[in-house]
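> Just so it is clear, I am handing over data-v3.txt, which has compact mmCIF, C-alpha atoms.
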# COMPACT_ATOMS: atom_id res chain seq x y z
CA MET Z 1 -5.44 -16.96 -14.91
CA GLY Z 2 -4.04 -14.97 -17.80
CA SER Z 3 -6.06 -11.78 -17.32
CA SER Z 4 -5.33 -11.28 -13.61
CA ARG Z 5 -1.67 -12.16 -13.80
CA SER Z 6 -1.22 -10.03 -16.91
CA ASN Z 7 -2.86 -7.16 -14.99
CA ILE Z 8 -0.19 -7.46 -12.30
CA LEU Z 9 2.59 -7.86 -14.86
CA CYS Z 10 1.50 -4.79 -16.82
CA PHE Z 11 1.54 -2.68 -13.66
CA LEU Z 12 5.00 -3.96 -12.73
CA VAL Z 13 6.39 -3.30 -16.19
CA LEU Z 14 4.79 0.14 -16.48
CA CYS Z 15 6.15 1.29 -13.13
CA ALA Z 16 9.56 -0.12 -14.03
CA CYS Z 17 9.46 1.75 -17.36
CA PHE Z 18 8.59 4.94 -15.48
CA LEU Z 19 11.92 4.50 -13.70
CA VAL Z 20 13.98 4.84 -16.88
CA PRO Z 21 15.27 8.44 -16.95
CA LYS Z 22 15.03 10.44 -20.15
CA SER Z 23 18.30 12.30 -19.64
CA CYS Z 24 21.74 11.49 -18.28
CA HIS Z 25 22.85 12.46 -14.80
CA SER Z 26 25.36 11.11 -12.29
CA TYR Z 27 22.94 8.21 -11.70
CA SER Z 28 21.75 5.84 -14.43
CA HIS Z 29 18.27 4.99 -13.18
CA GLY Z 30 15.17 6.45 -11.60
CA ALA Z 31 14.34 6.21 -7.91
CA LEU Z 32 11.35 4.59 -6.22
CA PHE Z 33 9.61 6.36 -3.33
CA ILE Z 34 7.02 4.19 -1.60
CA PHE Z 35 4.04 5.28 0.51
CA GLY Z 36 1.25 3.26 2.04
CA ASP Z 37 0.19 0.50 4.38
CA SER Z 38 1.12 -3.15 4.95
CA PHE Z 39 0.90 -3.94 1.25
CA TYR Z 40 4.02 -1.81 0.78
CA ASP Z 41 5.63 -1.65 4.25
CA ALA Z 42 8.88 -3.60 4.02
CA GLY Z 43 9.63 -3.28 7.74
CA ASN Z 44 9.28 0.32 8.96
CA ASN Z 45 6.90 -0.74 11.71
CA ILE Z 46 9.63 -2.84 13.33
CA TYR Z 47 11.29 0.42 14.36
CA LEU Z 48 8.16 2.02 15.81
CA ASN Z 49 7.92 2.13 19.59
CA THR Z 50 4.20 1.35 19.60
CA ASN Z 51 1.98 -1.67 20.15
CA ILE Z 52 1.43 -2.25 16.45
CA PRO Z 53 2.22 -5.87 15.41
CA LYS Z 54 5.80 -5.99 14.10
CA LEU Z 55 5.38 -9.02 11.80
CA ASN Z 56 8.88 -10.17 12.75
CA ILE Z 57 7.86 -13.74 13.60
CA PHE Z 58 7.39 -16.95 11.63
CA PRO Z 59 5.92 -17.55 9.03
CA TYR Z 60 6.61 -14.05 7.71
CA GLY Z 61 9.56 -14.04 5.32
CA GLU Z 62 9.90 -17.82 5.23
CA THR Z 63 10.23 -18.19 1.44
CA TYR Z 64 12.34 -15.53 -0.24
CA PHE Z 65 14.25 -14.03 2.70
CA LYS Z 66 14.24 -17.14 4.90
CA HIS Z 67 13.57 -14.94 7.93
CA PRO Z 68 10.97 -12.32 9.00
CA THR Z 69 11.62 -8.85 7.60
CA GLY Z 70 8.57 -6.92 8.79
CA ARG Z 71 6.76 -7.47 5.50
CA ALA Z 72 3.16 -8.72 5.68
CA SER Z 73 4.16 -11.57 3.43
CA ASP Z 74 6.09 -14.82 3.43
CA GLY Z 75 8.15 -13.34 0.60
CA ARG Z 76 8.38 -10.07 -1.28
CA LEU Z 77 5.88 -7.26 -1.82
CA ILE Z 78 4.87 -5.52 -5.05
CA PRO Z 79 7.47 -2.70 -4.68
CA ASP Z 80 10.19 -5.35 -4.30
CA PHE Z 81 9.22 -6.85 -7.64
CA ILE Z 82 9.05 -3.45 -9.31
CA ALA Z 83 12.51 -2.62 -7.97
CA GLU Z 84 13.78 -5.90 -9.41
CA PHE Z 85 12.15 -5.19 -12.79
CA ALA Z 86 13.83 -1.77 -12.77
CA LYS Z 87 17.19 -3.31 -11.80
CA LEU Z 88 17.19 -1.52 -8.45
CA PRO Z 89 18.22 -3.04 -5.11
CA LEU Z 90 15.62 -3.47 -2.38
CA ILE Z 91 14.46 0.03 -1.50
CA PRO Z 92 15.75 1.13 1.95
CA LEU Z 93 13.40 1.81 4.84
CA TYR Z 94 13.01 5.34 6.14
CA LEU Z 95 13.16 4.23 9.78
CA GLN Z 96 15.97 1.72 9.40
CA PRO Z 97 19.17 2.96 11.06
CA GLY Z 98 22.27 3.44 8.95
CA ASN Z 99 23.46 5.38 5.93
CA HIS Z 100 21.05 5.10 3.00
CA GLN Z 101 21.67 5.34 -0.72
CA PHE Z 102 19.02 7.99 -1.37
CA THR Z 103 19.36 7.87 -5.14
CA ASN Z 104 17.55 4.51 -5.24
CA GLY Z 105 14.57 5.93 -3.37
CA MET Z 106 13.03 5.30 0.04
CA ASN Z 107 10.19 3.28 1.57
CA PHE Z 108 7.99 5.32 3.93
CA ALA Z 109 5.07 2.87 4.16
CA SER Z 110 3.70 1.75 7.51
CA GLY Z 111 1.51 -1.30 8.04
CA GLY Z 112 -1.89 -0.30 9.40
CA ALA Z 113 -1.59 3.25 8.08
CA GLY Z 114 -4.41 5.19 6.51
CA ALA Z 115 -4.85 8.32 4.47
CA LEU Z 116 -6.68 9.77 7.48
CA ALA Z 117 -4.62 10.73 10.52
CA GLY Z 118 -7.19 9.14 12.85
CA THR Z 119 -6.73 5.65 11.42
CA ASN Z 120 -4.71 3.67 13.99
CA GLN Z 121 -3.62 7.04 15.34
CA GLY Z 122 -0.52 6.91 17.51
CA LEU Z 123 0.33 3.39 16.39
CA VAL Z 124 1.56 3.86 12.82
CA LEU Z 125 2.82 6.47 10.36
CA ASP Z 126 -0.23 7.92 8.60
CA LEU Z 127 0.04 9.20 5.03
CA GLN Z 128 0.65 12.82 6.00
CA THR Z 129 3.46 11.75 8.35
CA GLN Z 130 4.94 9.69 5.52
CA SER Z 131 4.78 12.79 3.33
CA SER Z 132 6.59 14.80 6.02
CA ASN Z 133 9.26 12.10 6.18
CA PHE Z 134 9.66 12.35 2.41
CA LYS Z 135 10.23 16.09 2.76
CA ASN Z 136 12.95 15.41 5.32
CA THR Z 137 14.52 12.93 2.92
CA GLU Z 138 14.38 15.47 0.09
CA LYS Z 139 16.34 17.93 2.24
CA GLN Z 140 19.01 15.30 2.88
CA ILE Z 141 19.21 14.47 -0.83
CA ARG Z 142 19.49 18.16 -1.65
CA GLN Z 143 22.37 18.57 0.78
CA LYS Z 144 24.12 15.55 -0.71
CA LEU Z 145 23.52 16.09 -4.44
CA GLY Z 146 22.77 19.78 -4.85
CA ALA Z 147 19.70 21.54 -6.24
CA SER Z 148 20.04 20.61 -9.93
CA GLU Z 149 20.67 16.92 -9.28
CA VAL Z 150 17.85 16.57 -6.77
CA LYS Z 151 15.48 18.21 -9.25
CA ALA Z 152 16.44 15.66 -11.88
CA LEU Z 153 16.18 12.77 -9.42
CA LEU Z 154 12.72 13.74 -8.17
CA SER Z 155 11.35 14.35 -11.66
CA THR Z 156 12.43 10.92 -12.92
CA ALA Z 157 11.43 9.03 -9.77
CA VAL Z 158 8.24 6.99 -9.39
CA TYR Z 159 6.02 7.58 -6.35
CA MET Z 160 4.00 4.49 -5.42
CA PHE Z 161 0.93 4.52 -3.18
CA SER Z 162 -1.11 1.73 -1.61
CA ILE Z 163 -3.35 3.42 0.93
CA GLY Z 164 -6.97 3.59 2.03
CA SER Z 165 -7.84 0.03 3.07
CA ASN Z 166 -7.37 0.67 6.78
CA ASP Z 167 -9.44 3.85 6.63
CA TYR Z 168 -12.42 1.67 5.74
CA LEU Z 169 -11.60 -1.44 7.79
CA ILE Z 170 -10.63 0.09 11.12
CA PRO Z 171 -13.98 1.84 11.82
CA PHE Z 172 -15.67 -1.57 11.71
CA ILE Z 173 -12.96 -3.33 13.69
CA THR Z 174 -13.06 -0.68 16.44
CA ASN Z 175 -16.85 -0.14 16.39
CA SER Z 176 -16.30 3.51 15.48
CA THR Z 177 -19.26 5.88 15.19
CA VAL Z 178 -17.68 7.80 12.30
CA PHE Z 179 -20.42 6.77 9.87
CA GLN Z 180 -22.97 8.40 12.13
CA SER Z 181 -21.27 11.72 11.35
CA TYR Z 182 -20.43 11.18 7.69
CA SER Z 183 -22.17 9.48 4.82
CA LYS Z 184 -20.16 6.83 2.98
CA LYS Z 185 -19.58 9.19 0.05
CA GLU Z 186 -18.45 12.01 2.34
CA TYR Z 187 -16.03 9.69 4.12
CA VAL Z 188 -14.60 8.40 0.84
CA LYS Z 189 -14.18 11.99 -0.34
CA MET Z 190 -12.05 12.73 2.74
CA VAL Z 191 -9.84 9.70 2.11
CA ILE Z 192 -9.38 10.52 -1.58
CA GLY Z 193 -8.79 14.18 -0.72
CA ASN Z 194 -5.92 13.31 1.61
CA ILE Z 195 -4.33 11.11 -1.05
CA THR Z 196 -4.52 13.74 -3.78
CA SER Z 197 -3.28 16.39 -1.34
CA VAL Z 198 -0.07 14.41 -0.76
CA ILE Z 199 0.32 13.84 -4.51
CA GLN Z 200 0.08 17.59 -5.05
CA GLU Z 201 2.68 18.20 -2.34
CA ILE Z 202 5.09 15.79 -4.01
CA TYR Z 203 4.35 17.36 -7.40
CA SER Z 204 5.19 20.80 -6.01
CA MET Z 205 8.57 19.39 -4.96
CA GLY Z 206 9.26 18.04 -8.45
CA GLY Z 207 7.59 14.62 -8.56
CA ARG Z 208 5.88 13.76 -11.84
CA LYS Z 209 5.32 9.99 -12.04
CA PHE Z 210 2.83 8.26 -9.76
CA GLY Z 211 1.63 4.68 -9.40
CA LEU Z 212 -1.47 3.96 -7.33
CA SER Z 213 -3.52 0.90 -6.50
CA LYS Z 214 -7.25 0.45 -6.25
CA LEU Z 215 -8.51 -1.27 -3.11
CA LEU Z 216 -9.27 -4.96 -2.78
CA PRO Z 217 -12.79 -6.34 -2.08
CA LEU Z 218 -12.34 -5.37 1.57
CA GLY Z 219 -15.37 -7.24 2.83
CA CYS Z 220 -13.97 -10.59 1.73
CA PRO Z 221 -10.53 -11.06 3.35
CA PRO Z 222 -10.47 -13.47 6.31
CA ILE Z 223 -10.41 -10.59 8.80
CA SER Z 224 -13.66 -9.17 7.39
CA ARG Z 225 -15.32 -12.58 7.30
CA ALA Z 226 -14.30 -13.14 10.91
CA LEU Z 227 -15.63 -9.69 11.81
CA ASN Z 228 -18.91 -10.57 10.14
CA ILE Z 229 -19.18 -13.65 12.35
CA VAL Z 230 -18.37 -11.73 15.53
CA SER Z 231 -20.55 -8.69 14.85
CA SER Z 232 -23.66 -10.27 13.41
CA GLY Z 233 -23.26 -14.02 13.39
CA GLY Z 234 -23.27 -13.89 9.61
CA SER Z 235 -21.04 -15.74 7.20
CA GLY Z 236 -19.25 -14.91 4.00
CA CYS Z 237 -18.15 -11.45 2.93
CA MET Z 238 -19.08 -8.30 4.84
CA GLU Z 239 -20.71 -6.35 2.04
CA GLU Z 240 -20.85 -3.05 3.92
CA ILE Z 241 -17.05 -2.76 3.80
CA THR Z 242 -16.85 -3.82 0.16
CA VAL Z 243 -19.32 -1.06 -0.74
CA LEU Z 244 -16.83 1.48 0.61
CA ALA Z 245 -14.01 -0.08 -1.41
CA LYS Z 246 -16.12 0.15 -4.56
CA LEU Z 247 -16.93 3.81 -3.89
CA HIS Z 248 -13.23 4.49 -3.34
CA ASN Z 249 -12.26 2.67 -6.54
CA ARG Z 250 -14.72 4.71 -8.57
CA ALA Z 251 -13.62 8.00 -7.03
CA LEU Z 252 -9.85 7.48 -7.28
CA PRO Z 253 -9.50 7.42 -11.10
CA LYS Z 254 -11.73 10.49 -11.39
CA ALA Z 255 -9.60 12.39 -8.87
CA LEU Z 256 -6.36 11.39 -10.59
CA LYS Z 257 -7.73 12.36 -14.00
CA GLU Z 258 -8.73 15.75 -12.62
CA LEU Z 259 -5.21 16.25 -11.28
CA LYS Z 260 -3.80 15.47 -14.71
CA SER Z 261 -5.83 18.32 -16.17
CA GLN Z 262 -4.38 20.68 -13.55
CA LEU Z 263 -0.75 19.59 -13.21
CA ARG Z 264 1.54 19.93 -16.20
CA GLY Z 265 3.77 16.92 -16.77
CA TYR Z 266 1.96 14.81 -14.17
CA THR Z 267 1.43 11.19 -15.20
CA TYR Z 268 0.04 8.18 -13.36
CA SER Z 269 -0.81 4.49 -13.54
CA ILE Z 270 -3.53 2.65 -11.59
CA PHE Z 271 -3.31 -1.02 -10.64
CA ASP Z 272 -6.76 -2.65 -10.52
CA ALA Z 273 -6.12 -4.75 -7.42
CA TYR Z 274 -9.87 -5.24 -6.93
CA THR Z 275 -10.33 -7.17 -10.17
CA VAL Z 276 -7.24 -9.29 -9.57
CA ALA Z 277 -8.18 -10.19 -5.99
CA ASP Z 278 -11.83 -10.79 -6.90
CA ALA Z 279 -10.76 -13.28 -9.56
CA ILE Z 280 -8.57 -15.11 -7.04
CA PHE Z 281 -11.33 -15.21 -4.43
CA ASN Z 282 -13.92 -16.49 -6.89
CA ASN Z 283 -11.67 -19.17 -8.35
CA PRO Z 284 -8.64 -19.66 -6.06
CA SER Z 285 -7.68 -23.09 -7.38
CA LYS Z 286 -7.23 -21.57 -10.84
CA TYR Z 287 -4.43 -19.44 -9.39
CA GLY Z 288 -2.76 -22.20 -7.41
CA GLU Z 289 -4.45 -21.37 -4.10
CA ASP Z 290 -6.27 -23.73 -1.71
CA SER Z 291 -9.94 -22.73 -1.94
CA ASN Z 292 -10.58 -23.85 1.66
CA LEU Z 293 -8.16 -21.24 3.00
CA PHE Z 294 -10.26 -18.48 1.46
CA ARG Z 295 -13.42 -19.69 3.14
CA ARG Z 296 -12.23 -20.37 6.70
CA GLY Z 297 -11.93 -16.74 7.78
CA GLU Z 298 -12.73 -17.66 11.37
CA LYS Z 299 -9.94 -20.18 11.94
CA GLY Z 300 -6.30 -19.81 12.72
CA MET Z 301 -3.61 -18.73 10.35
CA LEU Z 302 -4.71 -18.16 6.78
CA ARG Z 303 -2.97 -17.59 3.50
CA GLN Z 304 -4.49 -14.46 2.00
CA TRP Z 305 -4.40 -12.86 -1.44
CA SER Z 306 -1.54 -13.28 -3.82
CA PHE Z 307 2.01 -12.64 -2.62
CA GLU Z 308 1.05 -14.96 0.29
CA ARG Z 309 0.07 -12.47 2.99
CA TYR Z 310 -0.53 -13.97 6.43
CA HIS Z 311 -2.82 -12.80 9.19
CA TYR Z 312 -3.64 -14.28 12.57
CA LEU Z 313 -7.40 -14.10 13.12
CA ARG Z 314 -9.17 -14.72 16.38
CA PRO Z 315 -12.93 -14.05 16.36
CA GLU Z 316 -12.88 -13.41 20.10
CA SER Z 317 -10.10 -10.82 19.71
CA ILE Z 318 -10.72 -9.14 16.40
CA ARG Z 319 -8.46 -6.09 16.74
CA ILE Z 320 -6.08 -7.08 13.97
CA VAL Z 321 -4.23 -4.68 11.67
CA ARG Z 322 -3.88 -5.87 8.09
Can the structure in the file be given as structure tokens, please?


Amino acid sequence: MGSSRSNILCFLVLCACFLVPKSCHSYSHGALFIFGDSFYDAGNNIYLNTNIPKLNIFPYGETYFKHPTGRASDGRLIPDFIAEFAKLPLIPLYLQPGNHQFTNGMNFASGGAGALAGTNQGLVLDLQTQSSNFKNTEKQIRQKLGASEVKALLSTAVYMFSIGSNDYLIPFITNSTVFQSYSKKEYVKMVIGNITSVIQEIYSMGGRKFGLSKLLPLGCPPISRALNIVSSGGSGCMEEITVLAKLHNRALPKALKELKSQLRGYTYSIFDAYTVADAIFNNPSKYGEDSNLFRRGEKGMLRQWSFERYHYLRPESIRIVR
């Protein structure tokens, strides 16, 4: 229990420490800019006029907020905890109407999004679109604070990413032929390339501190187990998807290390979500989880991962976005 929970705690603390500015400005803290998929989407998808699930029904949000918020959780997500550690309020959503306090940051994440534009295309905000939205936000901050202040804000901010899972899951869910055109390594290279491209764009605008997450064992969540039943009549984890996650997790640190050698002042932290989730899957009762819920991927509503993420799985209708 100690090693996995300490892994999470270290990532939370490190990202929170990143948010402490080294010089004094009109604000007394760093900002948090959030990019990614449903692990980080705090409700942007609610405001999308598409057929993507909005997650605004029970049991989402039943614990901490007492009502659905659009988070793929019954409570808070990792960025919410990091904001709390850093003594920031909940980070505002890019798509939420109203006047935002830009100096705290912004959440651009979209559940179901991928690093590749073709992942759930037309349904969600892919990573490049999220990057474009960040650029629009930067312009608004610049107009409000001025050039010198926005430079200081962006350089002390932390940019968090949780992206890539859907790029590997969706081709299997939709019976895509993409792996007939690309080898697994080539496909992973495209995903990683899109992630590092956005990091470089943010760096060119003044961003220096980045927090990224490795992928989970993607073949083992209930949706993948259900997919395994539907597609092949098998049981247990769908190893073919997990292989892609492992390739991604090996390639990501190498790519980030290479960026560090190229970009002066660039710094980053990686959360090993794979190791944490793998420990929970292999010994759920040790972490306070019901082991049966991790093995019944073909039935009903399941409690998944830590932070109590819910998904509705129907083997006969497997098109589910995590």

> Can you pull out every residue within 7 Å of stretch 110-113 of chain Z, counting all atoms listed in the file, but drop anything in the same chain fewer than 4 positions away, and send it as a ChimeraX atom specification?

/Z:36-38,41,44-45,119-120,124-127,166,321-322

> Nearest to Z:Ser165 among Z:Lys214, Z:Lys260, Z:His67, Z:Lys54, with distances taken over only C-alpha atoms: which residue is it?

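Nearest candidate to Z:Ser165 out of Z:Lys214, Z:Lys260, Z:His67, Z:Lys54: Z:Lys214.
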
> Record the distance separating atom CA of Z:Leu93 and atom CA of Z:Asn107, expressed in Å with one decimal.

4.8 Å

> Using all atoms listed in the file, pick whichever of Z:Gln128, Z:Ser261, Z:Ser231, Z:Ser269 has the shortest atom-to-atom distance to Z:Thr174.

Z:Ser231

> Any idea what the distance is between atom CA of Z:Ala157 and atom CA of Z:Ile195?

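So the answer is 18.1 Å.
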
> Using all atoms listed in the file for the distances, tell me which of Z:Phe33, Z:Tyr47, Z:Phe102, Z:Tyr60 is nearest to Z:Asp80.

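The answer is Z:Phe33, which sits nearest to Z:Asp80.
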
> Contacts of Z:Tyr268 at 6 Å or less, counting only C-alpha atoms, minus same-chain residues fewer than 4 places along, as JSON, numbers by chain?

{"Z": [209, 210, 211]}

> My list of candidates is Z:Ile270, Z:Ala42, Z:Cys220, Z:Leu77. Which is closest to Z:Ala109 when distances are computed with only C-alpha atoms?

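Among the listed residues, the smallest separation from Z:Ala109 belongs to Z:Ala42.
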
> Using Å and a single decimal, report how far atom CA of Z:Pro217 sits from atom CA of Z:Phe271.

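Taking atom CA of Z:Phe271 and atom CA of Z:Pro217, their separation equals 13.8 Å.
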
> May I ask which of the residues Z:Lys246, Z:Lys139, Z:Arg225, Z:Lys189 is the closest one to Z:Ala115, counting only C-alpha atoms?

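Among the listed residues, the smallest separation from Z:Ala115 belongs to Z:Lys189.
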
> Of the candidates Z:Ser131, Z:Ser213, Z:Thr50, Z:Asn56, which shows the shortest atom-to-atom distance to Z:Ser162, using only C-alpha atoms?

Z:Ser213

> Pick out the residues sitting within 9 Å of Z:Glu138, and hand them over as a PyMOL selection string; count only C-alpha atoms, and ignore anything fewer than 6 positions along from it in its own chain.

chain Z and resi 102+150+154+205

> Each side padded by 5 Å, which centre and which edge lengths in Å (one decimal) define the axis-aligned box around the listed atoms of stretch 241-250 of chain Z? Give them as JSON.


{"center_x": -15.8, "center_y": 0.4, "center_z": -2.4, "size_x": 17.1, "size_y": 18.5, "size_z": 22.4}
